[in-house]
Structure formats: C-alpha cells, structure tokens
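Listing of input27.json, JSON, C-alpha atoms
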```json
[["chain", "number", "residue", "atom", "x", "y", "z"],
["A", 91, "MET", "CA", 129.79, 219.21, 154.27],
["A", 92, "ARG", "CA", 126.44, 220.61, 155.29],
["A", 93, "SER", "CA", 122.81, 219.89, 154.60],
["A", 94, "MET", "CA", 120.54, 222.63, 153.29],
["A", 95, "THR", "CA", 117.99, 221.82, 156.01],
["A", 96, "GLY", "CA", 118.44, 223.52, 159.34],
["A", 97, "TYR", "CA", 116.96, 225.55, 162.19],
["A", 98, "GLY", "CA", 118.43, 227.91, 164.76],
["A", 99, "ARG", "CA", 117.11, 230.30, 167.40],
["A", 100, "GLY", "CA", 118.76, 233.15, 169.26],
["A", 101, "GLU", "CA", 117.58, 235.57, 171.92],
["A", 102, "SER", "CA", 119.04, 238.68, 173.55],
["A", 103, "ASN", "CA", 117.87, 241.17, 176.16],
["A", 104, "LEU", "CA", 119.75, 244.45, 176.11],
["A", 105, "ASN", "CA", 118.78, 247.93, 177.32],
["A", 106, "ASN", "CA", 115.11, 246.98, 177.83],
["A", 107, "ARG", "CA", 114.95, 245.56, 174.31],
["A", 108, "LYS", "CA", 114.28, 241.89, 173.55],
["A", 109, "PHE", "CA", 115.27, 240.31, 170.25],
["A", 110, "VAL", "CA", 114.30, 236.81, 169.11],
["A", 111, "VAL", "CA", 115.81, 235.60, 165.82],
["A", 112, "GLU", "CA", 114.80, 232.34, 164.15],
["A", 113, "ILE", "CA", 116.50, 230.92, 161.05],
["A", 114, "ARG", "CA", 115.19, 227.98, 159.06],
["A", 115, "SER", "CA", 116.07, 226.65, 155.62],
["A", 116, "VAL", "CA", 115.16, 224.02, 153.04],
["A", 117, "ASN", "CA", 116.88, 222.85, 149.87],
["A", 118, "HIS", "CA", 117.02, 225.17, 146.84],
["A", 119, "ARG", "CA", 119.08, 225.38, 143.67],
["A", 120, "PHE", "CA", 120.48, 228.80, 144.60],
["A", 121, "ASN", "CA", 121.15, 230.92, 147.68],
["A", 122, "ASP", "CA", 117.81, 232.59, 148.46],
["A", 123, "ILE", "CA", 117.77, 234.53, 151.75],
["A", 124, "SER", "CA", 114.53, 236.13, 152.94],
["A", 125, "VAL", "CA", 114.30, 238.39, 156.02],
["A", 126, "LYS", "CA", 111.09, 239.27, 157.86],
["A", 127, "LEU", "CA", 111.42, 242.26, 160.20],
["A", 128, "PRO", "CA", 109.15, 244.59, 162.22],
["A", 129, "ARG", "CA", 108.40, 247.77, 160.26],
["A", 130, "MET", "CA", 110.49, 249.92, 162.61],
["A", 131, "MET", "CA", 113.59, 247.80, 161.81],
["A", 132, "LEU", "CA", 113.33, 247.46, 158.02],
["A", 133, "SER", "CA", 116.61, 249.32, 157.53],
["A", 134, "TYR", "CA", 118.49, 246.34, 159.05],
["A", 135, "GLU", "CA", 117.45, 243.89, 156.31],
["A", 136, "ASP", "CA", 120.61, 244.29, 154.23],
["A", 137, "ILE", "CA", 122.84, 243.94, 157.31],
["A", 138, "ILE", "CA", 121.16, 240.65, 158.21],
["A", 139, "LYS", "CA", 121.35, 239.32, 154.65],
["A", 140, "LYS", "CA", 125.06, 240.11, 154.37],
["A", 141, "THR", "CA", 125.78, 238.45, 157.72],
["A", 142, "VAL", "CA", 123.90, 235.27, 156.79],
["A", 143, "SER", "CA", 125.26, 235.08, 153.23],
["A", 144, "LYS", "CA", 128.84, 234.98, 154.56],
["A", 145, "GLN", "CA", 128.16, 231.57, 156.09],
["A", 146, "VAL", "CA", 125.26, 230.18, 154.05],
["A", 147, "PHE", "CA", 125.97, 229.46, 150.38],
["A", 148, "ARG", "CA", 122.96, 227.51, 149.14],
["A", 149, "GLY", "CA", 119.34, 226.84, 150.07],
["A", 150, "LYS", "CA", 116.16, 228.82, 150.74],
["A", 151, "THR", "CA", 116.79, 230.50, 154.08],
["A", 152, "ASP", "CA", 114.16, 232.44, 156.03],
["A", 153, "VAL", "CA", 115.19, 234.75, 158.88],
["A", 154, "PHE", "CA", 112.45, 235.90, 161.29],
["A", 155, "VAL", "CA", 113.14, 238.75, 163.72],
["A", 156, "ASN", "CA", 110.79, 239.48, 166.61],
["A", 157, "PHE", "CA", 111.38, 242.67, 168.57],
["A", 158, "GLU", "CA", 109.88, 243.88, 171.85],
["A", 159, "SER", "CA", 110.90, 247.13, 173.49],
["A", 160, "GLN", "CA", 110.27, 248.68, 176.90],
["A", 161, "ALA", "CA", 112.69, 251.51, 176.24],
["A", 162, "ALA", "CA", 110.94, 254.88, 176.47],
["A", 163, "GLU", "CA", 113.03, 256.35, 173.65],
["A", 164, "ASP", "CA", 111.61, 253.79, 171.21],
["A", 165, "TYR", "CA", 108.14, 255.33, 171.39],
["A", 166, "LYS", "CA", 106.67, 258.77, 170.74],
["A", 167, "ILE", "CA", 103.48, 259.68, 172.64],
["A", 168, "GLY", "CA", 101.49, 262.52, 171.09],
["A", 169, "LEU", "CA", 98.17, 264.35, 171.25],
["A", 170, "ASN", "CA", 95.83, 264.60, 168.29],
["A", 171, "SER", "CA", 94.72, 268.10, 169.26],
["A", 172, "ALA", "CA", 92.36, 268.55, 166.32],
["A", 173, "LEU", "CA", 90.51, 265.37, 167.23],
["A", 174, "SER", "CA", 90.41, 266.15, 170.96],
["A", 175, "ASP", "CA", 89.12, 269.68, 170.24],
["A", 176, "SER", "CA", 86.33, 268.18, 168.14],
["A", 177, "TYR", "CA", 85.38, 265.73, 170.87],
["A", 178, "HIS", "CA", 85.39, 268.54, 173.48],
["A", 179, "SER", "CA", 83.23, 270.74, 171.27],
["A", 180, "VAL", "CA", 80.70, 267.98, 170.63],
["A", 181, "LEU", "CA", 80.54, 267.11, 174.34],
["A", 182, "ASN", "CA", 79.83, 270.78, 175.18],
["A", 183, "GLU", "CA", 77.14, 270.85, 172.50],
["A", 184, "ILE", "CA", 75.49, 267.80, 174.07],
["A", 185, "LYS", "CA", 75.63, 269.47, 177.51],
["A", 186, "ASP", "CA", 73.95, 272.65, 176.21],
["A", 187, "ARG", "CA", 71.31, 270.79, 174.22],
["A", 188, "TYR", "CA", 70.17, 268.64, 177.13],
["A", 189, "GLY", "CA", 71.04, 270.86, 180.07],
["A", 190, "ILE", "CA", 73.56, 268.47, 181.53],
["A", 191, "GLU", "CA", 75.75, 269.90, 184.31],
["A", 192, "ASP", "CA", 78.49, 267.20, 184.28],
["A", 193, "LYS", "CA", 82.05, 268.35, 183.80],
["A", 194, "ILE", "CA", 84.06, 267.13, 180.83],
["A", 195, "SER", "CA", 86.94, 265.26, 182.46],
["A", 196, "LEU", "CA", 90.41, 264.38, 181.27],
["A", 197, "THR", "CA", 89.62, 260.71, 181.81],
["A", 198, "LEU", "CA", 86.65, 260.92, 179.48],
["A", 199, "LEU", "CA", 88.54, 262.71, 176.70],
["A", 200, "SER", "CA", 91.56, 260.43, 176.87],
["A", 201, "ARG", "CA", 89.37, 257.36, 176.36],
["A", 202, "PHE", "CA", 88.25, 258.40, 172.90],
["A", 203, "PRO", "CA", 90.12, 256.50, 170.16],
["A", 204, "ASP", "CA", 93.13, 258.18, 168.53],
["A", 205, "VAL", "CA", 93.14, 261.18, 170.86],
["A", 206, "ILE", "CA", 96.43, 260.00, 172.36],
["A", 207, "THR", "CA", 98.74, 258.62, 169.68],
["A", 208, "VAL", "CA", 101.60, 256.16, 170.12],
["A", 209, "GLU", "CA", 104.24, 256.00, 167.41],
["A", 210, "LYS", "CA", 107.22, 253.69, 167.27],
["A", 211, "ALA", "CA", 110.44, 255.56, 166.81],
["A", 212, "ASN", "CA", 112.71, 255.05, 163.82],
["A", 213, "LEU", "CA", 115.52, 252.74, 164.94],
["A", 214, "ASP", "CA", 117.81, 253.41, 161.97],
["A", 215, "GLU", "CA", 121.53, 253.54, 162.80],
["A", 216, "ASN", "CA", 120.93, 252.81, 166.48],
["A", 217, "THR", "CA", 124.08, 251.16, 167.82],
["A", 218, "GLU", "CA", 122.31, 249.69, 170.87],
["A", 219, "VAL", "CA", 119.64, 248.13, 168.66],
["A", 220, "LEU", "CA", 122.28, 246.75, 166.29],
["A", 221, "GLU", "CA", 124.23, 245.28, 169.20],
["A", 222, "GLY", "CA", 121.20, 243.40, 170.52],
["A", 223, "LEU", "CA", 120.19, 242.25, 167.05],
["A", 224, "ASN", "CA", 123.70, 240.94, 166.28],
["A", 225, "GLU", "CA", 123.82, 239.01, 169.54],
["A", 226, "ALA", "CA", 120.54, 237.20, 168.82],
["A", 227, "LEU", "CA", 121.47, 236.68, 165.16],
["A", 228, "SER", "CA", 124.86, 235.18, 166.08],
["A", 229, "GLN", "CA", 123.23, 232.70, 168.47],
["A", 230, "ALA", "CA", 120.66, 231.70, 165.85],
["A", 231, "LEU", "CA", 123.32, 231.28, 163.16],
["A", 232, "LEU", "CA", 125.49, 229.13, 165.43],
["A", 233, "GLY", "CA", 122.66, 226.69, 166.17],
["A", 234, "PHE", "CA", 121.50, 226.79, 162.57],
["A", 235, "LEU", "CA", 124.93, 225.91, 161.15],
["A", 236, "GLU", "CA", 125.51, 223.22, 163.77],
["A", 237, "MET", "CA", 122.26, 221.51, 162.74],
["A", 238, "ARG", "CA", 123.13, 221.75, 159.04],
["A", 239, "THR", "CA", 126.55, 220.25, 159.77],
["A", 240, "ARG", "CA", 125.08, 217.34, 161.75],
["A", 241, "GLU", "CA", 122.61, 216.66, 158.96],
["A", 242, "GLY", "CA", 125.44, 216.88, 156.43],
["A", 243, "GLU", "CA", 127.55, 214.33, 158.32],
["A", 244, "ASN", "CA", 124.62, 211.91, 158.38],
["A", 245, "LEU", "CA", 124.15, 212.35, 154.63],
["A", 246, "LYS", "CA", 127.88, 211.79, 154.04],
["A", 247, "VAL", "CA", 127.85, 208.49, 155.95],
["A", 248, "ASP", "CA", 124.79, 207.28, 154.09],
["A", 249, "ILE", "CA", 126.08, 208.25, 150.64],
["A", 250, "LYS", "CA", 129.51, 206.70, 151.26],
["A", 251, "GLU", "CA", 127.86, 203.42, 152.26],
["A", 252, "LYS", "CA", 125.90, 203.46, 149.02],
["A", 253, "LEU", "CA", 129.06, 204.23, 147.02],
["A", 254, "GLU", "CA", 130.84, 201.22, 148.54],
["A", 255, "GLY", "CA", 127.88, 199.02, 147.65],
["A", 256, "MET", "CA", 127.97, 200.35, 144.08],
["A", 257, "LYS", "CA", 131.69, 199.59, 143.82],
["A", 258, "GLU", "CA", 130.99, 195.99, 144.80],
["A", 259, "THR", "CA", 128.23, 195.74, 142.19],
["A", 260, "LEU", "CA", 130.49, 197.31, 139.57],
["A", 261, "ALA", "CA", 133.23, 194.80, 140.42],
["A", 262, "VAL", "CA", 130.80, 192.01, 139.52],
["A", 263, "ILE", "CA", 130.11, 193.68, 136.16],
["A", 264, "ILE", "CA", 133.82, 194.14, 135.42],
["A", 265, "GLU", "CA", 134.53, 190.50, 136.28],
["A", 266, "ARG", "CA", 131.59, 189.26, 134.24],
["A", 267, "ALA", "CA", 132.09, 191.44, 131.11],
["A", 268, "PRO", "CA", 134.99, 189.44, 129.48],
["A", 269, "LEU", "CA", 133.03, 186.20, 129.77],
["A", 270, "VAL", "CA", 130.06, 187.47, 127.77],
["A", 271, "ALA", "CA", 131.78, 187.29, 124.35],
["A", 272, "ALA", "CA", 133.32, 183.88, 125.12],
["A", 273, "GLU", "CA", 129.93, 182.45, 126.10],
["A", 274, "TYR", "CA", 128.36, 183.91, 122.97],
["A", 275, "ARG", "CA", 131.06, 182.27, 120.86],
["A", 276, "GLU", "CA", 130.38, 178.87, 122.47],
["A", 277, "LYS", "CA", 126.63, 179.21, 122.05],
["A", 278, "LEU", "CA", 127.10, 180.13, 118.39],
["A", 279, "ARG", "CA", 129.30, 177.07, 117.85],
["A", 280, "GLU", "CA", 126.77, 174.80, 119.60],
["A", 281, "ARG", "CA", 123.89, 176.08, 117.50],
["A", 282, "LEU", "CA", 125.78, 175.56, 114.25],
["A", 283, "SER", "CA", 126.87, 172.09, 115.27],
["A", 284, "GLU", "CA", 123.23, 171.13, 115.86],
["A", 285, "LEU", "CA", 122.59, 171.66, 112.16],
["A", 286, "GLU", "CA", 124.16, 168.50, 110.64],
["A", 287, "GLU", "CA", 123.97, 169.69, 107.07],
["A", 288, "ILE", "CA", 125.92, 172.89, 107.87],
["A", 289, "GLN", "CA", 129.59, 172.59, 108.69],
["A", 290, "ALA", "CA", 130.72, 175.11, 111.29],
["A", 291, "ASP", "CA", 133.18, 177.62, 109.89],
["A", 292, "GLU", "CA", 135.55, 178.46, 112.76],
["A", 293, "SER", "CA", 136.74, 181.69, 111.15],
["A", 294, "ARG", "CA", 133.15, 182.84, 110.67],
["A", 295, "ILE", "CA", 132.38, 182.02, 114.29],
["A", 296, "LEU", "CA", 135.36, 184.04, 115.45],
["A", 297, "THR", "CA", 134.35, 186.97, 113.24],
["A", 298, "GLU", "CA", 130.76, 186.98, 114.55],
["A", 299, "ALA", "CA", 132.02, 186.70, 118.12],
["A", 300, "ALA", "CA", 134.43, 189.61, 117.57],
["A", 301, "VAL", "CA", 131.65, 191.82, 116.19],
["A", 302, "PHE", "CA", 129.43, 190.91, 119.14],
["A", 303, "ALA", "CA", 132.24, 191.58, 121.63],
["A", 304, "ASP", "CA", 132.84, 195.01, 120.11],
["A", 305, "LYS", "CA", 129.16, 195.95, 120.33],
["A", 306, "CYS", "CA", 128.82, 194.89, 123.96],
["A", 307, "CYS", "CA", 132.21, 196.17, 125.18],
["A", 308, "ILE", "CA", 131.68, 198.24, 128.33],
["A", 309, "ASP", "CA", 135.29, 198.79, 129.40],
["A", 310, "GLU", "CA", 135.16, 202.56, 128.92],
["A", 311, "GLU", "CA", 131.85, 202.92, 130.73],
["A", 312, "THR", "CA", 132.90, 200.84, 133.73],
["A", 313, "THR", "CA", 136.21, 202.73, 133.98],
["A", 314, "ARG", "CA", 134.45, 206.10, 133.93],
["A", 315, "LEU", "CA", 131.81, 204.97, 136.40],
["A", 316, "LEU", "CA", 134.47, 203.69, 138.79],
["A", 317, "SER", "CA", 136.24, 207.05, 138.47],
["A", 318, "HIS", "CA", 133.00, 208.92, 139.23],
["A", 319, "LEU", "CA", 132.46, 206.82, 142.36],
["A", 320, "SER", "CA", 135.96, 207.61, 143.62],
["A", 321, "GLN", "CA", 135.57, 211.30, 142.80],
["A", 322, "MET", "CA", 132.29, 211.54, 144.67],
["A", 323, "SER", "CA", 133.80, 209.85, 147.71],
["A", 324, "SER", "CA", 136.66, 212.41, 147.72],
["A", 325, "ILE", "CA", 134.37, 215.42, 147.21],
["A", 326, "LEU", "CA", 132.26, 214.35, 150.18],
["A", 327, "ASP", "CA", 135.28, 215.06, 152.40],
["A", 328, "GLU", "CA", 135.74, 218.60, 151.05],
["A", 329, "ASP", "CA", 134.66, 221.75, 152.88],
["A", 330, "GLY", "CA", 132.34, 224.41, 151.55],
["A", 331, "SER", "CA", 129.57, 224.21, 148.99],
["A", 332, "ILE", "CA", 129.85, 220.89, 147.13],
["A", 333, "GLY", "CA", 126.23, 220.16, 146.22],
["A", 334, "ARG", "CA", 126.48, 221.24, 142.58],
["A", 335, "LYS", "CA", 129.62, 219.12, 142.01],
["A", 336, "LEU", "CA", 127.85, 216.08, 143.44],
["A", 337, "ASP", "CA", 124.75, 216.76, 141.38],
["A", 338, "PHE", "CA", 126.83, 216.82, 138.19],
["A", 339, "LEU", "CA", 128.56, 213.53, 139.11],
["A", 340, "VAL", "CA", 125.20, 211.86, 139.78],
["A", 341, "GLN", "CA", 124.09, 212.79, 136.26],
["A", 342, "GLU", "CA", 127.30, 211.35, 134.79],
["A", 343, "MET", "CA", 126.96, 208.16, 136.83],
["A", 344, "ASN", "CA", 123.42, 207.72, 135.62],
["A", 345, "ARG", "CA", 124.55, 208.26, 132.02],
["A", 346, "GLU", "CA", 127.27, 205.56, 132.28],
["A", 347, "SER", "CA", 124.95, 203.04, 133.93],
["A", 348, "ASN", "CA", 122.35, 203.60, 131.20],
["A", 349, "THR", "CA", 124.99, 202.96, 128.51],
["A", 350, "ILE", "CA", 126.13, 199.77, 130.26],
["A", 351, "ALA", "CA", 122.52, 198.59, 130.43],
["A", 352, "SER", "CA", 121.89, 199.33, 126.74],
["A", 353, "LYS", "CA", 125.01, 197.44, 125.64],
["A", 354, "SER", "CA", 124.45, 194.48, 127.92],
["A", 355, "ASN", "CA", 123.31, 191.18, 126.45],
["A", 356, "ASP", "CA", 123.85, 189.37, 129.70],
["A", 357, "LEU", "CA", 121.33, 188.75, 132.46],
["A", 358, "VAL", "CA", 123.87, 189.11, 135.29],
["A", 359, "ILE", "CA", 125.10, 192.48, 134.02],
["A", 360, "THR", "CA", 121.54, 193.68, 133.38],
["A", 361, "ASN", "CA", 120.53, 192.84, 136.96],
["A", 362, "CYS", "CA", 123.62, 194.62, 138.26],
["A", 363, "THR", "CA", 122.80, 197.78, 136.28],
["A", 364, "VAL", "CA", 119.30, 197.75, 137.76],
["A", 365, "GLU", "CA", 120.89, 197.75, 141.23],
["A", 366, "LEU", "CA", 123.27, 200.54, 140.21],
["A", 367, "LYS", "CA", 120.48, 202.74, 138.87],
["A", 368, "SER", "CA", 118.45, 202.18, 142.02],
["A", 369, "GLU", "CA", 121.36, 203.29, 144.24],
["A", 370, "ILE", "CA", 122.14, 206.26, 141.98],
["A", 371, "GLU", "CA", 118.55, 207.46, 142.32],
["A", 372, "LYS", "CA", 118.79, 207.20, 146.12],
["A", 373, "ILE", "CA", 122.04, 209.19, 146.07],
["A", 374, "ARG", "CA", 120.48, 211.78, 143.76],
["A", 375, "GLU", "CA", 117.71, 212.36, 146.29],
["A", 376, "GLN", "CA", 120.27, 212.79, 149.07],
["A", 377, "VAL", "CA", 122.47, 215.12, 147.00],
["A", 378, "GLN", "CA", 119.49, 217.44, 146.42],
["A", 379, "ASN", "CA", 119.76, 218.42, 150.09],
["A", 380, "ILE", "CA", 123.52, 219.10, 150.23],
["A", 381, "GLU", "CA", 124.72, 222.70, 150.32]]
```
Can you turn what I pasted into structure tokens?
Amino acid sequence: MRSMTGYGRGESNLNNRKFVVEIRSVNHRFNDISVKLPRMMLSYEDIIKKTVSKQVFRGKTDVFVNFESQAAEDYKIGLNSALSDSYHSVLNEIKDRYGIEDKISLTLLSRFPDVITVEKANLDENTEVLEGLNEALSQALLGFLEMRTREGENLKVDIKEKLEGMKETLAVIIERAPLVAAEYREKLRERLSELEEIQADESRILTEAAVFADKCCIDEETTRLLSHLSQMSSILDEDGSIGRKLDFLVQEMNRESNTIASKSNDLVITNCTVELKSEIEKIREQVQNIE
C-alpha cells in the first residue's frame, strides 16, 4: 500500500553529461503524469512517461529533468556570415568617413551579438544520452517509491487503529439495540398505568412495541457495517492500487451509519453513531491520499 504523496531525486554523470531528475506527486483521482524537459530532449517525454507509469498507478506526478552538457558534440558553433559582413562593411564606412586608421580586428568583430552562433544539437535517439537519463530516472523513482511506501505504511497503521475503535463502538450499538424495544415497552406500560381511568391493554402494548421495534431495527445495517470494516482491514493488506476500493467502502460505511442514526430512538446509539461518523470522516480524508 502506497501513499500518493512522494518525492525522489536522482543524478548521473556520464560522458561529460549531467542529468538531475526530480519526481514529486500529490493526490489525484486519476494517474496524471507530467514531464518537464529541456527543449533539446523533448523526444524523450514518452519514454519517461512509460517508465513512470509502469510503477505509478494513481496521483498527479511531476517529473523534472535538468540537463547540463560539456560534450562538444552536443553543440554546434557557427558563423552568421551575413551579419558579420554587415558589421565589417559598416566599420569600414566609419573609418572612411572619419579618417580613422585603426584596423578592424577579429576580437572586435567576434564581440558583436549573434555573429558567432551556438546551437544545441538534437539529442534524439542518442544511446549515451538515454543511458544517462535512465540512470538518473531510476534513482529518482527508487527514492520516490520508497517514500510513498513509507507514507502508505503510516496511513495503514492509522486507519487500522481507527477501524478497531469503530468495531468497539459498533459492538456497543449491537449490544444496546435489543434493549431499545424492551425499554420502550416498559415506558409505554408505565405511562398507561399512570392514567387510572384507562386500563392497560397488554396486547395493545405488545403490538405498539412490535411496531416500534420493527421501525428501529438496525440489525441489517450493523451487520453490513461490520462487514465493511472487516473488508477495509483486509484490503489495506493488499498490494497495488487500492485507493478506489477504499473510497467506495468509506461511502458505504457512511451510508450505513446514517441509516442507523436515522432509525435510532436511543441516546446511547445516537451518541455512538456520532462517534462512528467522526471516525469515518477521518478515514475518508486518509483514503484520499492512498494510491
């Protein structure tokens, strides 16, 4: 089980080329991978996305690649002859106009902007570049996944503790539920007995109590909720992407607890459902960050 929050960094130096890859992610409903590359390496975007997507299944993941090269073959040095000719012509015109005897030097011409051009070479399908990139990317992915796994383990421990607390609260509800109808029946009998002119009809009392018991019966809801708690605990131990399963179970747990609360005519059960809903909300927030 892994969190959707993570960070990893990798670096490689190979053949006078330095690669630094950083990967960071936050929670997201889907698997959204974004890659930011230097212009001369844009052709490697799909390769990086495919590599990351094999190990990352959910979350908004940003991959940043920084590239520095001291390899001569990665640059093309050229002369803008048209521009240098224009500069040379203008300099000669200035000399003639003002009678200046200075020579036009190479140093002077080379200092003018854009006379000497520097272009970065196209690094498409360069095996040496790909080797260095993969090394840095692998390091970054390793650290990134390790962090997501650590975060995931922490979330698992926290959620399981909350599930155990919810089971204890639910046990109180299950134990209390059968007593609600019996107490209602006794209260009904006491109220009727207080009215001296009305003789309590035992059969009527039993009928009213039975109707009340049927309306406030929560056996199905407590059974389903207990099943959801056990399911969630089991899913937390599974490998792979489990966030959507957990999210669905949280919705079902919330639905059952709402039904129990609406049927409850008992203060103890009502207080217990408040505790359940509070814990479910905390779990929901945690589940939002699980891959």
Q: One decimal, Å: what's the distance from atom CA of Arg345 of chain A over to atom CA of Lys372 of chain A, could you say?
A: 15.3 Å
Taking a cut-off of 12 Å and counting all atoms listed in the file, can you build a table that, for each residue of segment 126-232 of chain A near segment 236-258 of chain A, reports the nearest atom pair and how far apart they are in Å (one decimal), sorted by chain then residue number, as a tab-separated table?
```
residue	atom	partner	partner_atom	distance
A:Gln145	CA	A:Arg238	CA	11.4
A:Val146	CA	A:Arg238	CA	10.0
A:Phe147	CA	A:Arg238	CA	11.9
A:Arg148	CA	A:Arg238	CA	11.5
A:Gly149	CA	A:Arg238	CA	11.0
A:Thr151	CA	A:Arg238	CA	11.9
A:Gln229	CA	A:Glu236	CA	10.8
A:Ala230	CA	A:Glu236	CA	10.0
A:Leu231	CA	A:Glu236	CA	8.4
A:Leu232	CA	A:Glu236	CA	6.1
```
**Q.** Of the listed residues A:Asp327, A:Glu225, A:Gln321, A:Thr313, that which approaches Ser347 of chain A most closely, counting all atoms listed in the file
**A.**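 Ranked by minimum distance to Ser347 of chain A, first place goes to A:Thr313.
Shortest separation to Thr207 of chain A among A:Ser354, A:Ser195, A:Asn182, A:Ser174 occurs at residue A:Ser174, atoms counted being only C-alpha atoms.
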**Q.** Residue neighbourhood Lys126 of chain A, 12 Å, only C-alpha atoms, exclusion window fewer than 2 positions, as a VMD selection string
**A.** chain A and resid 110 to 113 123 to 124 128 to 136 138 to 139 151 to 157
Place all heavy atoms on segment 230-238 of chain A and deliver the coordinates as a CSV table (one decimal), keeping the file's coordinate frame.
```csv
chain,number,residue,atom,x,y,z
A,230,ALA,N,121.5,232.5,166.8
A,230,ALA,CA,120.7,231.7,165.8
A,230,ALA,C,121.5,231.1,164.8
A,230,ALA,O,121.3,229.9,164.4
A,230,ALA,CB,119.6,232.6,165.2
A,231,LEU,N,122.5,231.8,164.2
A,231,LEU,CA,123.3,231.3,163.2
A,231,LEU,C,124.2,230.1,163.6
A,231,LEU,O,124.3,229.1,162.9
A,231,LEU,CB,124.3,232.4,162.6
A,231,LEU,CG,123.8,233.1,161.4
A,231,LEU,CD1,124.8,234.2,161.1
A,231,LEU,CD2,123.7,232.2,160.2
A,232,LEU,N,124.7,230.2,164.9
A,232,LEU,CA,125.5,229.1,165.4
A,232,LEU,C,124.7,227.8,165.5
A,232,LEU,O,125.1,226.8,165.1
A,232,LEU,CB,126.0,229.5,166.8
A,232,LEU,CG,126.9,228.5,167.5
A,232,LEU,CD1,128.2,228.3,166.7
A,232,LEU,CD2,127.2,229.0,168.9
A,233,GLY,N,123.5,227.9,166.1
A,233,GLY,CA,122.7,226.7,166.2
A,233,GLY,C,122.2,226.2,164.8
A,233,GLY,O,122.2,225.0,164.6
A,234,PHE,N,121.9,227.1,163.9
A,234,PHE,CA,121.5,226.8,162.6
A,234,PHE,C,122.6,226.0,161.8
A,234,PHE,O,122.3,225.0,161.2
A,234,PHE,CB,121.1,228.1,161.9
A,234,PHE,CG,120.8,228.0,160.4
A,234,PHE,CD1,119.7,227.4,160.0
A,234,PHE,CD2,121.7,228.5,159.5
A,234,PHE,CE1,119.4,227.3,158.6
A,234,PHE,CE2,121.5,228.4,158.1
A,234,PHE,CZ,120.3,227.8,157.7
A,235,LEU,N,123.8,226.5,161.9
A,235,LEU,CA,124.9,225.9,161.2
A,235,LEU,C,125.3,224.6,161.8
A,235,LEU,O,125.7,223.6,161.1
A,235,LEU,CB,126.1,226.9,161.1
A,235,LEU,CG,126.0,228.1,160.3
A,235,LEU,CD1,127.2,229.1,160.5
A,235,LEU,CD2,125.7,227.8,158.8
A,236,GLU,N,125.2,224.5,163.1
A,236,GLU,CA,125.5,223.2,163.8
A,236,GLU,C,124.5,222.1,163.3
A,236,GLU,O,124.9,221.0,163.1
A,236,GLU,CB,125.4,223.4,165.3
A,236,GLU,CG,126.6,224.1,165.9
A,236,GLU,CD,126.5,224.3,167.4
A,236,GLU,OE1,125.4,224.0,167.9
A,236,GLU,OE2,127.5,224.7,168.0
A,237,MET,N,123.3,222.5,163.2
A,237,MET,CA,122.3,221.5,162.7
A,237,MET,C,122.5,221.1,161.3
A,237,MET,O,122.4,219.9,161.0
A,237,MET,CB,120.9,222.1,162.9
A,237,MET,CG,119.8,221.1,162.5
A,237,MET,SD,118.1,221.8,162.8
A,237,MET,CE,117.1,220.4,162.3
A,238,ARG,N,122.8,222.1,160.4
A,238,ARG,CA,123.1,221.8,159.0
A,238,ARG,C,124.4,220.9,158.9
A,238,ARG,O,124.4,220.0,158.1
A,238,ARG,CB,123.3,223.0,158.2
A,238,ARG,CG,122.0,223.7,157.9
A,238,ARG,CD,122.2,225.1,157.4
A,238,ARG,NE,122.9,225.2,156.1
A,238,ARG,CZ,122.3,225.7,155.0
A,238,ARG,NH1,121.0,225.9,155.0
A,238,ARG,NH2,123.0,225.8,153.9
```
